[in-house]
file data-v9.cif (mmCIF, C-alpha atoms and all ligand atoms)
data_final
#
loop_
_atom_site.label_atom_id
_atom_site.label_comp_id
_atom_site.auth_asym_id
_atom_site.auth_seq_id
_atom_site.Cartn_x
_atom_site.Cartn_y
_atom_site.Cartn_z
CA MET I 184 -39.34 -29.73 23.67
CA LYS I 185 -36.03 -31.63 23.55
CA THR I 186 -36.19 -31.88 19.74
CA PHE I 187 -36.93 -28.16 19.45
CA ASN I 188 -33.90 -27.21 21.59
CA PHE I 189 -31.62 -29.45 19.54
CA ALA I 190 -32.80 -27.92 16.28
CA ARG I 191 -32.31 -24.43 17.63
CA ALA I 192 -28.78 -25.22 18.88
CA PHE I 193 -27.91 -26.68 15.50
CA THR I 194 -29.12 -23.54 13.70
CA VAL I 195 -27.02 -21.29 15.96
CA ALA I 196 -23.94 -23.47 15.42
CA ALA I 197 -24.45 -23.34 11.65
CA MET I 198 -24.78 -19.55 11.76
CA VAL I 199 -21.60 -19.17 13.83
CA ALA I 200 -19.73 -21.40 11.39
CA ALA I 201 -20.98 -19.32 8.46
CA ILE I 202 -19.95 -16.04 10.09
CA SER I 203 -16.48 -17.22 11.14
CA GLY I 204 -15.97 -18.73 7.67
CA ALA I 205 -16.75 -15.36 6.11
CA SER I 206 -14.35 -13.45 8.36
CA THR I 207 -11.54 -15.93 7.66
CA ALA I 208 -11.98 -15.28 3.93
CA ALA I 209 -11.94 -11.52 4.51
CA LEU I 210 -8.60 -11.77 6.37
CA ALA I 211 -6.80 -12.95 3.22
CA ASP I 212 -7.00 -9.49 1.79
CA ILE I 213 -5.58 -6.13 0.94
CA LYS I 214 -3.69 -5.87 4.26
CA ASP I 215 -1.26 -8.48 2.91
CA TYR I 216 0.13 -5.91 0.46
CA ASN I 217 2.73 -3.29 1.19
CA PHE I 218 4.78 -0.79 -0.75
CA GLU I 219 8.49 -0.54 -0.02
CA LEU I 220 11.13 1.84 -1.33
CA VAL I 221 13.77 0.32 -3.61
CA ASP I 222 16.19 3.04 -2.42
CA GLN I 223 15.72 4.94 0.86
CA THR I 224 17.52 8.03 -0.44
CA VAL I 225 17.47 10.19 -3.55
CA GLN I 226 19.58 13.15 -4.67
CA ALA I 227 17.88 16.52 -4.14
CA GLY I 228 17.17 18.30 -7.40
CA ALA I 229 14.99 18.28 -10.51
CA GLU I 230 13.43 15.21 -12.12
CA LYS I 231 14.68 12.48 -9.81
CA VAL I 232 13.39 8.91 -10.09
CA ILE I 233 11.77 7.10 -7.16
CA ALA I 234 11.14 3.36 -7.38
CA VAL I 235 8.81 1.40 -5.11
CA ARG I 236 8.02 -2.28 -4.98
CA LEU I 237 4.54 -3.60 -4.17
CA MET I 238 4.97 -6.75 -2.09
CA ASN I 239 2.59 -9.52 -1.11
CA THR I 240 3.78 -10.03 2.47
CA LYS I 241 2.24 -13.54 2.63
CA THR I 242 4.15 -14.87 -0.39
CA GLY I 243 7.11 -12.46 -0.25
CA LYS I 244 6.65 -11.80 -3.96
CA PRO I 245 6.30 -8.52 -5.89
CA VAL I 246 2.84 -7.78 -7.27
CA PRO I 247 2.61 -6.66 -10.93
CA GLU I 248 -0.19 -4.76 -12.65
CA ALA I 249 -1.52 -2.85 -9.66
CA VAL I 250 -3.37 0.34 -10.47
CA ILE I 251 -1.74 3.27 -8.68
CA PHE I 252 -4.35 6.00 -8.31
CA ALA I 253 -3.19 8.31 -5.57
CA THR I 254 0.21 9.82 -5.06
CA ARG I 255 1.41 12.76 -3.03
CA LEU I 256 4.92 13.81 -2.14
CA ASP I 257 5.46 16.42 0.55
CA MET I 258 7.80 17.32 3.39
CA ALA I 259 5.44 16.40 6.24
CA PRO I 260 8.18 14.40 8.06
CA ASP I 261 10.15 17.65 8.42
CA GLY I 262 7.09 19.72 9.43
CA MET I 263 6.49 21.14 5.93
CA GLN I 264 3.31 19.36 4.80
CA GLU I 265 2.46 22.38 2.60
CA MET I 266 5.69 21.84 0.66
CA ALA I 267 4.42 19.38 -1.94
CA THR I 268 5.85 18.46 -5.32
CA LYS I 269 4.34 16.89 -8.41
CA VAL I 270 4.71 13.12 -8.85
CA SER I 271 4.56 11.67 -12.39
CA PRO I 272 4.40 7.95 -13.12
CA LEU I 273 7.13 6.40 -15.28
CA PRO I 274 7.07 3.02 -17.01
CA GLY I 275 8.10 0.25 -14.56
CA ALA I 276 11.53 -1.35 -14.77
CA GLU I 277 10.40 -4.84 -13.83
CA PRO I 278 7.07 -6.45 -12.85
CA GLY I 279 5.99 -5.37 -9.37
CA THR I 280 8.17 -2.24 -9.41
CA TYR I 281 6.56 1.17 -9.93
CA ARG I 282 8.56 4.26 -10.79
CA PHE I 283 7.83 7.95 -10.47
CA LYS I 284 9.54 11.17 -11.41
CA ALA I 285 9.58 14.12 -9.01
CA THR I 286 11.54 17.25 -8.25
CA PHE I 287 13.01 17.40 -4.75
CA GLY I 288 13.47 21.13 -4.25
CA MET I 289 15.02 20.74 -0.84
CA ALA I 290 17.17 18.25 1.02
CA GLY I 291 15.40 16.49 3.88
CA ARG I 292 12.72 13.92 4.49
CA TRP I 293 9.83 13.60 2.04
CA GLN I 294 6.68 11.53 2.49
CA LEU I 295 5.36 9.59 -0.50
CA SER I 296 1.68 8.68 -0.07
CA LEU I 297 0.49 5.90 -2.35
CA GLY I 298 -2.87 4.29 -3.03
CA ALA I 299 -3.32 1.23 -5.19
CA LYS I 300 -5.79 -1.38 -6.37
CA VAL I 301 -4.55 -4.96 -6.72
CA GLN I 302 -5.97 -7.35 -9.34
CA GLY I 303 -8.48 -9.73 -7.74
CA GLU I 304 -8.58 -7.96 -4.35
CA THR I 305 -11.19 -5.65 -2.89
CA GLY I 306 -10.13 -2.59 -0.97
CA THR I 307 -7.18 -0.28 -1.34
CA VAL I 308 -3.50 -0.48 -0.46
CA GLU I 309 -2.57 2.76 1.29
CA ASN I 310 0.99 3.40 2.39
CA LYS I 311 3.12 6.36 3.38
CA LEU I 312 6.83 5.99 2.75
CA VAL I 313 9.58 8.36 3.88
CA ILE I 314 12.39 9.02 1.44
CA THR I 315 15.40 11.21 2.24
CA ALA I 316 16.64 13.71 -0.33
CA GLN I 317 20.36 14.36 0.01
CA ARG I 318 22.59 17.15 -1.26
CU CU G 1 10.98 21.77 2.78
#

call {"tool": "encode", "arguments": {"input": "data-v9.cif", "output": "structure tokens"}}
result
Amino acid sequence: MKTFNFARAFTVAAMVAAISGASTAALADIKDYNFELVDQTVQAGAEKVIAVRLMNTKTGKPVPEAVIFATRLDMAPDGMQEMATKVSPLPGAEPGTYRFKATFGMAGRWQLSLGAKVQGETGTVENKLVITAQR
């Protein structure tokens, strides 16, 4: 009986170790990545350039070669979510920086929604950034 209890306790301990080990590995993940605006403001008007940097917040370094697959730019921060404009990717200036071209038809606050896949990471980086278009 004593031997049986010991074996059972050991099995449970091993299982707990395995589970906590797995969750520790899962914590070093996609949540450590964040987009940030290079410039918080842009001039209102046609064909303006927006630049964002994808940062690894653990290392403080920019992350090159991410695949950007979802972008939307609209005036949701000023209560005009239906006022959306087309966002076109442009070649990046430097590794870890991603550039887009868009027409800001109105001065005010615009929300840039981004989705990205990072090399070697599962999951998706999803960020919403607010950029102000000025006259
Ligand atoms: Cu508007």

call {"tool": "residues_around", "arguments": {"input": "data-v9.cif", "residues": "I:Pro274", "least_positions_apart": "2", "cutoff": "12 Å", "atoms": "only C-alpha atoms", "output": "list of chain:residue names"}}
result
I:Val232, I:Ile233, I:Ala234, I:Glu248, I:Ser271, I:Pro272, I:Ala276, I:Glu277, I:Pro278, I:Gly279, I:Thr280, I:Tyr281, I:Arg282, I:Phe283, I:Lys284

call {"tool": "atom_distance", "arguments": {"input": "data-v9.cif", "atom1": "atom CA of I:Asp222", "atom2": "atom CA of I:Val246"}}
result
17.9 Å

call {"tool": "closest_residue", "arguments": {"input": "data-v9.cif", "among": "I:Glu230, I:Ala253, I:Ala285, I:Gly291", "to": "I:Val313", "atoms": "all atoms listed in the file"}}
result
I:Gly291

call {"tool": "closest_residue", "arguments": {"input": "data-v9.cif", "among": "I:Gly275, I:Leu237, I:Thr224, I:Val250", "to": "I:Asn310", "atoms": "all atoms listed in the file"}}
result
I:Leu237

call {"tool": "closest_residue", "arguments": {"input": "data-v9.cif", "among": "I:Ala229, I:Ala290, I:Ala249, I:Leu220", "to": "I:Val270", "atoms": "only C-alpha atoms"}}
result
I:Ala229

call {"tool": "residues_near_ligand", "arguments": {"input": "data-v9.cif", "ligand": "ligand CU 1 (chain G)", "cutoff": "7 Å", "atoms": "only C-alpha atoms and all ligand atoms", "output": "JSON, numbers by chain"}}
result
{"I": [258, 263, 266, 289, 291]}

call {"tool": "closest_residue", "arguments": {"input": "data-v9.cif", "among": "I:Asn217, I:Gln302, I:Thr268, I:Thr307", "to": "I:Thr240", "atoms": "only C-alpha atoms"}}
result
I:Asn217

call {"tool": "atom_distance", "arguments": {"input": "data-v9.cif", "atom1": "atom CA of I:Pro247", "atom2": "atom CA of I:Ile314"}}
result
22.2 Å

call {"tool": "closest_residue", "arguments": {"input": "data-v9.cif", "among": "I:Pro245, I:Gly306, I:Gly288, I:Pro260", "to": "I:Gly228", "atoms": "all atoms listed in the file"}}
result
I:Gly288

call {"tool": "atom_distance", "arguments": {"input": "data-v9.cif", "atom1": "atom CA of I:Lys241", "atom2": "atom CA of I:Ala299"}}
result
17.6 Å

call {"tool": "residues_around", "arguments": {"input": "data-v9.cif", "residues": "I:Gly298", "least_positions_apart": "4", "cutoff": "6 Å", "atoms": "only C-alpha atoms", "output": "VMD selection string"}}
result
chain I and resid 251 to 253 308 to 309

call {"tool": "residues_around", "arguments": {"input": "data-v9.cif", "residues": "I:Glu219", "least_positions_apart": "6", "cutoff": "8 Å", "atoms": "all atoms listed in the file", "output": "ChimeraX atom specification"}}
result
/I:235-238,312

call {"tool": "residues_around", "arguments": {"input": "data-v9.cif", "residues": "I:Val225", "least_positions_apart": "6", "cutoff": "7 Å", "atoms": "all atoms listed in the file", "output": "number ranges by chain"}}
result
I: 315-317

call {"tool": "decode", "arguments": {"input": "data-v9.cif", "residues": "stretch 226-255 of chain I", "atoms": "N, CA, C and O atoms", "output": "PDB file, in the first residue's frame"}}
result
ATOM      1  N   GLN I 226       0.598  64.058 -42.614  1.00  0.00           N
ATOM      2  CA  GLN I 226      -0.155  65.150 -43.229  1.00  0.00           C
ATOM      3  C   GLN I 226      -1.402  64.578 -43.886  1.00  0.00           C
ATOM      4  O   GLN I 226      -1.320  63.534 -44.538  1.00  0.00           O
ATOM      5  N   ALA I 227      -2.542  65.222 -43.719  1.00  0.00           N
ATOM      6  CA  ALA I 227      -3.748  64.799 -44.428  1.00  0.00           C
ATOM      7  C   ALA I 227      -3.516  65.003 -45.916  1.00  0.00           C
ATOM      8  O   ALA I 227      -2.769  65.896 -46.320  1.00  0.00           O
ATOM      9  N   GLY I 228      -4.130  64.128 -46.733  1.00  0.00           N
ATOM     10  CA  GLY I 228      -3.976  64.262 -48.170  1.00  0.00           C
ATOM     11  C   GLY I 228      -3.721  62.933 -48.845  1.00  0.00           C
ATOM     12  O   GLY I 228      -3.721  61.881 -48.194  1.00  0.00           O
ATOM     13  N   ALA I 229      -3.493  62.982 -50.147  1.00  0.00           N
ATOM     14  CA  ALA I 229      -3.354  61.774 -50.962  1.00  0.00           C
ATOM     15  C   ALA I 229      -1.964  61.156 -50.830  1.00  0.00           C
ATOM     16  O   ALA I 229      -0.969  61.869 -50.684  1.00  0.00           O
ATOM     17  N   GLU I 230      -1.930  59.820 -50.871  1.00  0.00           N
ATOM     18  CA  GLU I 230      -0.700  59.042 -50.973  1.00  0.00           C
ATOM     19  C   GLU I 230       0.360  59.409 -49.929  1.00  0.00           C
ATOM     20  O   GLU I 230       1.499  59.719 -50.261  1.00  0.00           O
ATOM     21  N   LYS I 231      -0.026  59.373 -48.681  1.00  0.00           N
ATOM     22  CA  LYS I 231       0.921  59.620 -47.601  1.00  0.00           C
ATOM     23  C   LYS I 231       1.534  58.295 -47.154  1.00  0.00           C
ATOM     24  O   LYS I 231       0.934  57.229 -47.300  1.00  0.00           O
ATOM     25  N   VAL I 232       2.732  58.369 -46.608  1.00  0.00           N
ATOM     26  CA  VAL I 232       3.459  57.163 -46.187  1.00  0.00           C
ATOM     27  C   VAL I 232       3.389  57.017 -44.664  1.00  0.00           C
ATOM     28  O   VAL I 232       3.635  57.972 -43.932  1.00  0.00           O
ATOM     29  N   ILE I 233       3.014  55.819 -44.239  1.00  0.00           N
ATOM     30  CA  ILE I 233       3.005  55.472 -42.814  1.00  0.00           C
ATOM     31  C   ILE I 233       4.116  54.442 -42.613  1.00  0.00           C
ATOM     32  O   ILE I 233       4.221  53.503 -43.396  1.00  0.00           O
ATOM     33  N   ALA I 234       4.895  54.590 -41.557  1.00  0.00           N
ATOM     34  CA  ALA I 234       5.905  53.580 -41.240  1.00  0.00           C
ATOM     35  C   ALA I 234       5.650  53.041 -39.836  1.00  0.00           C
ATOM     36  O   ALA I 234       5.355  53.809 -38.914  1.00  0.00           O
ATOM     37  N   VAL I 235       5.724  51.716 -39.710  1.00  0.00           N
ATOM     38  CA  VAL I 235       5.602  51.083 -38.394  1.00  0.00           C
ATOM     39  C   VAL I 235       6.812  50.189 -38.173  1.00  0.00           C
ATOM     40  O   VAL I 235       7.436  49.722 -39.121  1.00  0.00           O
ATOM     41  N   ARG I 236       7.133  50.001 -36.931  1.00  0.00           N
ATOM     42  CA  ARG I 236       8.231  49.122 -36.561  1.00  0.00           C
ATOM     43  C   ARG I 236       7.639  47.948 -35.796  1.00  0.00           C
ATOM     44  O   ARG I 236       6.799  48.148 -34.918  1.00  0.00           O
ATOM     45  N   LEU I 237       8.061  46.731 -36.121  1.00  0.00           N
ATOM     46  CA  LEU I 237       7.651  45.561 -35.344  1.00  0.00           C
ATOM     47  C   LEU I 237       8.762  45.262 -34.352  1.00  0.00           C
ATOM     48  O   LEU I 237       9.901  45.013 -34.738  1.00  0.00           O
ATOM     49  N   MET I 238       8.414  45.352 -33.043  1.00  0.00           N
ATOM     50  CA  MET I 238       9.422  45.192 -31.998  1.00  0.00           C
ATOM     51  C   MET I 238       9.232  43.876 -31.238  1.00  0.00           C
ATOM     52  O   MET I 238       8.108  43.466 -30.959  1.00  0.00           O
ATOM     53  N   ASN I 239      10.354  43.267 -30.892  1.00  0.00           N
ATOM     54  CA  ASN I 239      10.342  42.187 -29.903  1.00  0.00           C
ATOM     55  C   ASN I 239      10.542  42.871 -28.556  1.00  0.00           C
ATOM     56  O   ASN I 239      11.609  43.423 -28.289  1.00  0.00           O
ATOM     57  N   THR I 240       9.503  42.870 -27.714  1.00  0.00           N
ATOM     58  CA  THR I 240       9.564  43.639 -26.468  1.00  0.00           C
ATOM     59  C   THR I 240      10.490  42.988 -25.439  1.00  0.00           C
ATOM     60  O   THR I 240      10.915  43.633 -24.493  1.00  0.00           O
ATOM     61  N   LYS I 241      10.826  41.720 -25.629  1.00  0.00           N
ATOM     62  CA  LYS I 241      11.771  41.041 -24.720  1.00  0.00           C
ATOM     63  C   LYS I 241      13.198  41.486 -24.995  1.00  0.00           C
ATOM     64  O   LYS I 241      13.963  41.714 -24.087  1.00  0.00           O
ATOM     65  N   THR I 242      13.547  41.580 -26.290  1.00  0.00           N
ATOM     66  CA  THR I 242      14.924  41.923 -26.664  1.00  0.00           C
ATOM     67  C   THR I 242      15.074  43.412 -26.961  1.00  0.00           C
ATOM     68  O   THR I 242      16.188  43.915 -27.018  1.00  0.00           O
ATOM     69  N   GLY I 243      13.939  44.102 -27.205  1.00  0.00           N
ATOM     70  CA  GLY I 243      13.999  45.516 -27.583  1.00  0.00           C
ATOM     71  C   GLY I 243      14.492  45.732 -29.004  1.00  0.00           C
ATOM     72  O   GLY I 243      14.893  46.829 -29.364  1.00  0.00           O
ATOM     73  N   LYS I 244      14.461  44.666 -29.812  1.00  0.00           N
ATOM     74  CA  LYS I 244      14.983  44.764 -31.176  1.00  0.00           C
ATOM     75  C   LYS I 244      13.866  44.681 -32.216  1.00  0.00           C
ATOM     76  O   LYS I 244      12.871  43.986 -32.006  1.00  0.00           O
ATOM     77  N   PRO I 245      14.055  45.384 -33.361  1.00  0.00           N
ATOM     78  CA  PRO I 245      13.071  45.271 -34.442  1.00  0.00           C
ATOM     79  C   PRO I 245      13.111  43.890 -35.079  1.00  0.00           C
ATOM     80  O   PRO I 245      14.153  43.228 -35.073  1.00  0.00           O
ATOM     81  N   VAL I 246      11.969  43.459 -35.606  1.00  0.00           N
ATOM     82  CA  VAL I 246      11.823  42.104 -36.136  1.00  0.00           C
ATOM     83  C   VAL I 246      11.630  42.157 -37.655  1.00  0.00           C
ATOM     84  O   VAL I 246      10.598  42.619 -38.135  1.00  0.00           O
ATOM     85  N   PRO I 247      12.627  41.703 -38.422  1.00  0.00           N
ATOM     86  CA  PRO I 247      12.498  41.729 -39.885  1.00  0.00           C
ATOM     87  C   PRO I 247      11.712  40.533 -40.409  1.00  0.00           C
ATOM     88  O   PRO I 247      11.510  39.546 -39.697  1.00  0.00           O
ATOM     89  N   GLU I 248      11.303  40.637 -41.648  1.00  0.00           N
ATOM     90  CA  GLU I 248      10.707  39.532 -42.409  1.00  0.00           C
ATOM     91  C   GLU I 248       9.427  38.957 -41.812  1.00  0.00           C
ATOM     92  O   GLU I 248       9.147  37.770 -41.944  1.00  0.00           O
ATOM     93  N   ALA I 249       8.645  39.800 -41.155  1.00  0.00           N
ATOM     94  CA  ALA I 249       7.311  39.377 -40.739  1.00  0.00           C
ATOM     95  C   ALA I 249       6.398  39.447 -41.955  1.00  0.00           C
ATOM     96  O   ALA I 249       6.654  40.211 -42.890  1.00  0.00           O
ATOM     97  N   VAL I 250       5.382  38.606 -41.944  1.00  0.00           N
ATOM     98  CA  VAL I 250       4.410  38.625 -43.039  1.00  0.00           C
ATOM     99  C   VAL I 250       3.181  39.397 -42.564  1.00  0.00           C
ATOM    100  O   VAL I 250       2.476  38.962 -41.666  1.00  0.00           O
ATOM    101  N   ILE I 251       2.965  40.557 -43.161  1.00  0.00           N
ATOM    102  CA  ILE I 251       1.821  41.400 -42.802  1.00  0.00           C
ATOM    103  C   ILE I 251       0.648  40.953 -43.667  1.00  0.00           C
ATOM    104  O   ILE I 251       0.742  40.966 -44.894  1.00  0.00           O
ATOM    105  N   PHE I 252      -0.442  40.508 -43.048  1.00  0.00           N
ATOM    106  CA  PHE I 252      -1.527  39.960 -43.868  1.00  0.00           C
ATOM    107  C   PHE I 252      -2.852  40.659 -43.663  1.00  0.00           C
ATOM    108  O   PHE I 252      -3.810  40.388 -44.351  1.00  0.00           O
ATOM    109  N   ALA I 253      -2.937  41.551 -42.724  1.00  0.00           N
ATOM    110  CA  ALA I 253      -4.215  42.226 -42.519  1.00  0.00           C
ATOM    111  C   ALA I 253      -3.962  43.683 -42.190  1.00  0.00           C
ATOM    112  O   ALA I 253      -3.221  43.996 -41.268  1.00  0.00           O
ATOM    113  N   THR I 254      -4.529  44.551 -42.966  1.00  0.00           N
ATOM    114  CA  THR I 254      -4.416  45.972 -42.667  1.00  0.00           C
ATOM    115  C   THR I 254      -5.768  46.625 -42.900  1.00  0.00           C
ATOM    116  O   THR I 254      -6.498  46.266 -43.813  1.00  0.00           O
ATOM    117  N   ARG I 255      -6.085  47.573 -42.048  1.00  0.00           N
ATOM    118  CA  ARG I 255      -7.278  48.385 -42.245  1.00  0.00           C
ATOM    119  C   ARG I 255      -6.983  49.747 -41.643  1.00  0.00           C
ATOM    120  O   ARG I 255      -6.318  49.851 -40.611  1.00  0.00           O
TER     121      ARG I 255
END
